[in-house]
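Peer 1: Handing over my_file_33.txt, compact mmCIF, C-alpha atoms (C1' of nucleotides).
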# COMPACT_ATOMS: atom_id res chain seq x y z
CA MET A 1 -18.98 -122.91 -31.79
CA GLN A 2 -21.91 -124.34 -33.71
CA PHE A 3 -23.08 -127.84 -32.88
CA VAL A 4 -24.80 -130.64 -34.77
CA ALA A 5 -27.51 -132.80 -33.25
CA LEU A 6 -27.52 -136.28 -34.75
CA SER A 7 -30.55 -138.43 -34.23
CA ILE A 8 -29.59 -142.04 -33.65
CA MET A 9 -31.48 -144.81 -35.39
CA ASN A 10 -29.15 -147.74 -34.89
CA LYS A 11 -25.79 -148.89 -33.62
CA LYS A 12 -24.09 -148.39 -36.98
CA GLU A 13 -24.81 -144.70 -36.76
CA ILE A 14 -23.29 -144.56 -33.33
CA GLY A 15 -20.17 -146.19 -34.65
CA LYS A 16 -19.85 -143.70 -37.44
CA ILE A 17 -20.19 -140.71 -35.16
CA ILE A 18 -17.62 -141.84 -32.63
CA ARG A 19 -15.14 -142.95 -35.31
CA ASP A 20 -15.36 -139.61 -37.07
CA ARG A 21 -14.87 -137.86 -33.79
CA ARG A 22 -11.91 -140.00 -32.79
CA LYS A 23 -10.22 -139.35 -36.13
CA PHE A 24 -10.92 -135.65 -35.75
CA LEU A 25 -9.20 -135.80 -32.38
CA LYS A 26 -6.32 -137.71 -34.03
CA ILE A 27 -6.07 -140.57 -31.62
CA THR A 28 -5.81 -144.32 -32.25
CA GLN A 29 -8.45 -146.82 -31.25
CA ARG A 30 -5.99 -148.45 -28.86
CA ASP A 31 -5.11 -145.26 -27.06
CA PHE A 32 -8.69 -144.11 -26.96
CA SER A 33 -10.00 -147.41 -25.62
CA GLU A 34 -7.47 -147.13 -22.80
CA ILE A 35 -8.50 -143.59 -21.98
CA VAL A 36 -12.14 -144.63 -21.98
CA GLY A 37 -11.59 -147.81 -20.03
CA LEU A 38 -13.05 -150.25 -22.55
CA SER A 39 -11.31 -153.22 -24.06
CA LEU A 40 -9.80 -152.52 -27.45
CA ARG A 41 -11.85 -155.35 -28.90
CA ASN A 42 -15.11 -153.93 -27.64
CA TYR A 43 -14.27 -150.43 -28.74
CA ILE A 44 -13.45 -151.58 -32.27
CA ASP A 45 -16.70 -153.51 -32.49
CA ILE A 46 -18.66 -150.48 -31.31
CA GLU A 47 -17.00 -148.27 -33.94
CA ASN A 48 -17.89 -150.84 -36.58
CA GLY A 49 -21.50 -150.89 -35.42
CA LYS A 50 -21.10 -154.54 -34.50
CA ALA A 51 -21.53 -154.30 -30.74
CA ASN A 52 -24.73 -153.40 -28.94
CA PRO A 53 -23.11 -151.34 -26.18
CA THR A 54 -24.57 -150.71 -22.79
CA PHE A 55 -25.64 -147.21 -21.97
CA GLU A 56 -22.70 -146.82 -19.64
CA ALA A 57 -20.18 -147.90 -22.26
CA LEU A 58 -21.70 -145.34 -24.58
CA LYS A 59 -21.58 -142.69 -21.92
CA LYS A 60 -17.91 -143.33 -21.28
CA ILE A 61 -17.14 -142.93 -24.94
CA THR A 62 -19.21 -139.84 -25.52
CA ASP A 63 -17.93 -138.22 -22.33
CA ALA A 64 -14.36 -138.82 -23.45
CA GLN A 65 -15.13 -137.31 -26.83
CA GLY A 66 -16.92 -134.25 -25.50
CA LEU A 67 -20.22 -135.41 -26.97
CA GLU A 68 -23.61 -135.25 -25.32
CA ILE A 69 -26.35 -137.88 -25.20
CA ILE A 70 -29.77 -136.31 -25.33
CA ILE A 71 -33.31 -137.62 -25.26
CA LYS A 72 -35.78 -135.42 -27.05
CA VAL A 73 -39.27 -135.34 -25.56
CA ASP A 74 -41.98 -133.64 -27.59
CA MET B 1 -45.74 -128.88 -30.49
CA GLN B 2 -42.77 -127.72 -28.45
CA PHE B 3 -40.18 -130.25 -27.40
CA VAL B 4 -37.69 -130.59 -24.55
CA ALA B 5 -34.15 -131.87 -25.01
CA LEU B 6 -32.89 -133.64 -21.93
CA SER B 7 -29.19 -134.23 -21.59
CA ILE B 8 -28.48 -137.61 -20.02
CA MET B 9 -25.84 -137.94 -17.35
CA ASN B 10 -26.65 -141.34 -15.90
CA LYS B 11 -29.06 -144.28 -15.93
CA LYS B 12 -31.21 -142.85 -13.17
CA GLU B 13 -32.08 -139.92 -15.40
CA ILE B 14 -33.08 -142.29 -18.17
CA GLY B 15 -35.36 -144.08 -15.77
CA LYS B 16 -37.02 -140.88 -14.72
CA ILE B 17 -37.69 -139.75 -18.27
CA ILE B 18 -39.22 -142.99 -19.45
CA ARG B 19 -41.32 -143.41 -16.30
CA ASP B 20 -42.72 -139.92 -16.60
CA ARG B 21 -43.49 -140.55 -20.23
CA ARG B 22 -45.15 -143.89 -19.56
CA LYS B 23 -47.34 -142.33 -16.89
CA PHE B 24 -48.21 -139.52 -19.25
CA LEU B 25 -49.27 -142.14 -21.79
CA LYS B 26 -51.29 -143.84 -19.03
CA ILE B 27 -50.00 -147.35 -19.48
CA THR B 28 -48.79 -149.88 -16.93
CA GLN B 29 -45.25 -151.16 -16.79
CA ARG B 30 -46.48 -154.67 -17.60
CA ASP B 31 -48.38 -153.63 -20.70
CA PHE B 32 -45.62 -151.35 -21.86
CA SER B 33 -42.90 -153.94 -21.40
CA GLU B 34 -44.94 -156.31 -23.58
CA ILE B 35 -45.38 -153.70 -26.27
CA VAL B 36 -41.68 -152.96 -26.21
CA GLY B 37 -40.61 -156.58 -26.08
CA LEU B 38 -38.58 -156.43 -22.87
CA SER B 39 -39.09 -158.53 -19.78
CA LEU B 40 -41.19 -156.82 -17.13
CA ARG B 41 -38.35 -157.30 -14.68
CA ASN B 42 -35.84 -155.58 -16.89
CA TYR B 43 -38.19 -152.77 -17.72
CA ILE B 44 -38.88 -152.09 -14.06
CA ASP B 45 -35.17 -152.04 -13.27
CA ILE B 46 -34.52 -149.63 -16.12
CA GLU B 47 -37.25 -147.30 -14.86
CA ASN B 48 -35.71 -147.44 -11.41
CA GLY B 49 -32.32 -146.60 -12.81
CA LYS B 50 -31.01 -149.94 -11.60
CA ALA B 51 -30.26 -151.57 -14.94
CA ASN B 52 -27.52 -150.55 -17.32
CA PRO B 53 -29.50 -151.16 -20.50
CA THR B 54 -28.03 -151.86 -23.88
CA PHE B 55 -28.42 -149.26 -26.56
CA GLU B 56 -30.92 -151.45 -28.34
CA ALA B 57 -33.07 -151.90 -25.27
CA LEU B 58 -33.08 -148.15 -24.86
CA LYS B 59 -33.94 -147.65 -28.49
CA LYS B 60 -36.90 -149.98 -28.22
CA ILE B 61 -38.23 -148.07 -25.26
CA THR B 62 -37.71 -144.62 -26.68
CA ASP B 63 -39.14 -145.65 -30.05
CA ALA B 64 -42.25 -146.98 -28.33
CA GLN B 65 -42.59 -143.74 -26.40
CA GLY B 66 -42.09 -141.44 -29.35
CA LEU B 67 -38.83 -140.15 -27.95
CA GLU B 68 -35.63 -139.51 -29.86
CA ILE B 69 -32.06 -140.39 -28.92
CA ILE B 70 -29.65 -137.74 -30.06
CA ILE B 71 -25.90 -137.26 -29.88
CA LYS B 72 -24.83 -133.66 -29.88
CA VAL B 73 -21.54 -132.93 -31.59
CA ASP B 74 -20.07 -129.48 -31.14
C1' DA C 1 -60.93 -149.87 5.97
C1' DA C 2 -60.95 -153.35 2.34
C1' DC C 3 -60.00 -154.76 -2.03
C1' DT C 4 -57.76 -154.64 -6.41
C1' DA C 5 -54.20 -152.99 -9.31
C1' DA C 6 -49.61 -151.73 -9.97
C1' DT C 7 -44.97 -151.83 -8.78
C1' DG C 8 -40.85 -153.77 -6.57
C1' DT C 9 -37.58 -157.53 -5.15
C1' DG C 10 -34.86 -162.02 -4.20
C1' DC C 11 -33.18 -165.46 -6.84
C1' DA C 12 -31.24 -168.65 -10.17
C1' DA C 13 -30.86 -169.73 -14.95
C1' DT C 14 -29.97 -168.13 -19.44
C1' DA C 15 -28.45 -165.01 -22.92
C1' DA C 16 -25.56 -161.60 -24.45
C1' DA C 17 -21.90 -158.16 -23.74
C1' DT C 18 -17.11 -157.79 -22.75
C1' DT C 19 -12.41 -159.13 -22.58
C1' DG C 20 -7.74 -160.48 -24.06
C1' DC C 21 -4.87 -162.89 -27.13
C1' DA C 22 -2.70 -164.04 -31.46
C1' DT C 23 -2.82 -163.19 -35.94
C1' DA C 24 -4.59 -161.32 -40.36
C1' DT C 25 -5.54 -157.38 -43.01
C1' DT C 26 -5.44 -152.66 -44.24
C1' DC C 27 -3.50 -148.14 -44.09
C1' DT C 28 0.18 -144.71 -44.13
C1' DA C 29 4.63 -142.78 -44.65
C1' DT C 30 8.84 -143.06 -46.93
C1' DA D 1 7.80 -151.25 -53.05
C1' DT D 2 8.57 -151.72 -48.10
C1' DA D 3 8.16 -151.33 -43.29
C1' DG D 4 5.76 -150.02 -39.52
C1' DA D 5 1.42 -148.47 -37.65
C1' DA D 6 -3.32 -149.04 -37.19
C1' DT D 7 -7.33 -151.66 -37.55
C1' DA D 8 -9.99 -155.98 -37.83
C1' DT D 9 -11.12 -160.80 -36.64
C1' DG D 10 -11.55 -165.77 -34.75
C1' DC D 11 -12.04 -167.64 -30.51
C1' DA D 12 -12.94 -169.03 -25.80
C1' DA D 13 -13.42 -167.46 -21.15
C1' DT D 14 -15.39 -164.25 -18.10
C1' DT D 15 -18.56 -160.87 -16.73
C1' DT D 16 -22.80 -158.70 -16.83
C1' DA D 17 -27.44 -157.95 -18.72
C1' DT D 18 -31.81 -160.20 -19.17
C1' DT D 19 -35.45 -163.25 -17.99
C1' DG D 20 -39.30 -165.35 -15.42
C1' DC D 21 -41.24 -166.69 -11.20
C1' DA D 22 -43.26 -166.16 -6.66
C1' DC D 23 -44.19 -163.16 -3.43
C1' DA D 24 -43.85 -158.59 -0.95
C1' DT D 25 -45.00 -153.89 -0.89
C1' DT D 26 -47.18 -149.76 -2.36
C1' DA D 27 -50.75 -147.16 -4.69
C1' DG D 28 -55.34 -146.24 -6.09
C1' DT D 29 -60.31 -146.77 -5.78
C1' DT D 30 -64.46 -147.40 -3.43
Could you show the structure in this file as structure tokens?
Peer 2:
Amino acid sequence: MQFVALSIMNKKEIGKIIRDRRKFLKITQRDFSEIVGLSLRNYIDIENGKANPTFEALKKITDAQGLEIIIKVD
Amino acid sequence: MQFVALSIMNKKEIGKIIRDRRKFLKITQRDFSEIVGLSLRNYIDIENGKANPTFEALKKITDAQGLEIIIKVD
DNA sequence: AACTAATGTGCAATAAATTGCATATTCTAT
DNA sequence: ATAGAATATGCAATTTATTGCACATTAGTT
């Protein structure tokens, strides 16, 4: 299984990644927000790049989607 | 220049990475927090893994340290 | 050991993230 | 075109992150 590493510049990009992933997994925002343990409202705003989520909110989402947060140190 | 990709599990790990990097760059927390535009108090807490920083706070720090935030999608 | 520099902490006030609700809008399936 | 499903939004209340200050503690240098 080949992976893609996406460098994150801003919150809009985060939103795009997690939305694409959620659609790929074929699950609604409502259901997913429940699984993750975030309010539906917050989750929607994050997907739309409108919220500035805390690290832990982000971690919950990415964990639930089987994604990995990485910091690259040169 | 060879890099290292560090997978992040929790806020403590973030703290460790940015502290190590700051020390490597030989700059005090006070000076660095000013450069970044975060309160000294918040910056200290983040380094100690006590704060749950927003994505944007994290981005400011990593940008200032020449680090990259990545999401890995398999 | 003494002094200075750097880091850490209690605390309250402020700012910003999060939440939940009702409703509007958009999307999808038929 | 229609109905139902899914998503988006205004809003206020609540919760949590952030801030700045004084002072304590630790680290580094001589």
Peer 1: From the set D:DT9, D:DT14, D:DT30, D:DT25, which residue has the shortest atom-to-atom contact distance to chain A, counting only C-alpha atoms (C1' of nucleotides)?
Peer 2: D:DT9
Peer 1: Residues of chain C were defined as contacting chain A if any atom lay at most 10 Å from it, counting all atoms listed in the file; please report them as a list in words.
Peer 2: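 Every residue meeting the condition is included here: DA16, DA17, DT18, DT19 and DG20 of chain C.
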Peer 1: In Å, with one decimal, what is the gap from CA of Lys72 in chain B to CA of Ile70 in chain A?
Peer 2: 7.2 Å
Peer 1: Any idea which chain B residues end up within 9 Å of chain A if we count only C-alpha atoms, as a VMD selection string please?
Peer 2: chain B and resid 1 to 11 14 17 21 52 to 59 62 66 to 74
Peer 1: Give me, as a PyMOL selection string, all polymer residues having an atom no more than 9 Å from Phe32 in chain B, counting only C-alpha atoms (C1' of nucleotides) and skipping those fewer than 3 positions away in the same chain.
Peer 2: chain B and resi 22+27-29+35-38+40+43+61+64
Peer 1: Ranking D:DG20, D:DG28, D:DG4, D:DG10 by minimum distance to chain B and counting all atoms listed in the file, which one comes first?
Peer 2: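 Looking only at the distances to chain B, the closest residue turns out to be D:DG20.
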Peer 1: Rounded to one decimal place, report the C1' of DA24 in chain D-C1' of DG8 in chain C distance in Å.
Peer 2: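 C1' of DA24 in chain D sits 8.0 Å away from C1' of DG8 in chain C.
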Peer 1: Give me, as CSV, each residue of chain D that comes within 9 Å of chain A, together with its shortest interatomic pair and the distance in Å at one decimal, counting all atoms listed in the file, with rows ordered by chain and rising residue number.
Peer 2:
residue,atom,partner,partner_atom,distance
D:DA6,C1',A:Thr28,CA,7.3
D:DT7,C1',A:Gln29,CA,8.0
D:DA8,C1',A:Ile44,CA,7.9
D:DA17,C1',A:Thr54,CA,8.8
Peer 1: What does the structure give for the distance between C1' of DG10 in chain C and C1' of DC23 in chain D, in Å to one decimal?
Peer 2: 9.4 Å
Peer 1: Give as a list in words every residue, naming chains and numbers as the document does, that has an atom within 8 Å of (-32.5, -167.3, -13.5), counting only C-alpha atoms (C1' of nucleotides).
Peer 2: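 I get DC11, DA12, DA13 and DT14 of chain C; DT19 and DG20 of chain D for the residues within 8 Å of that point.
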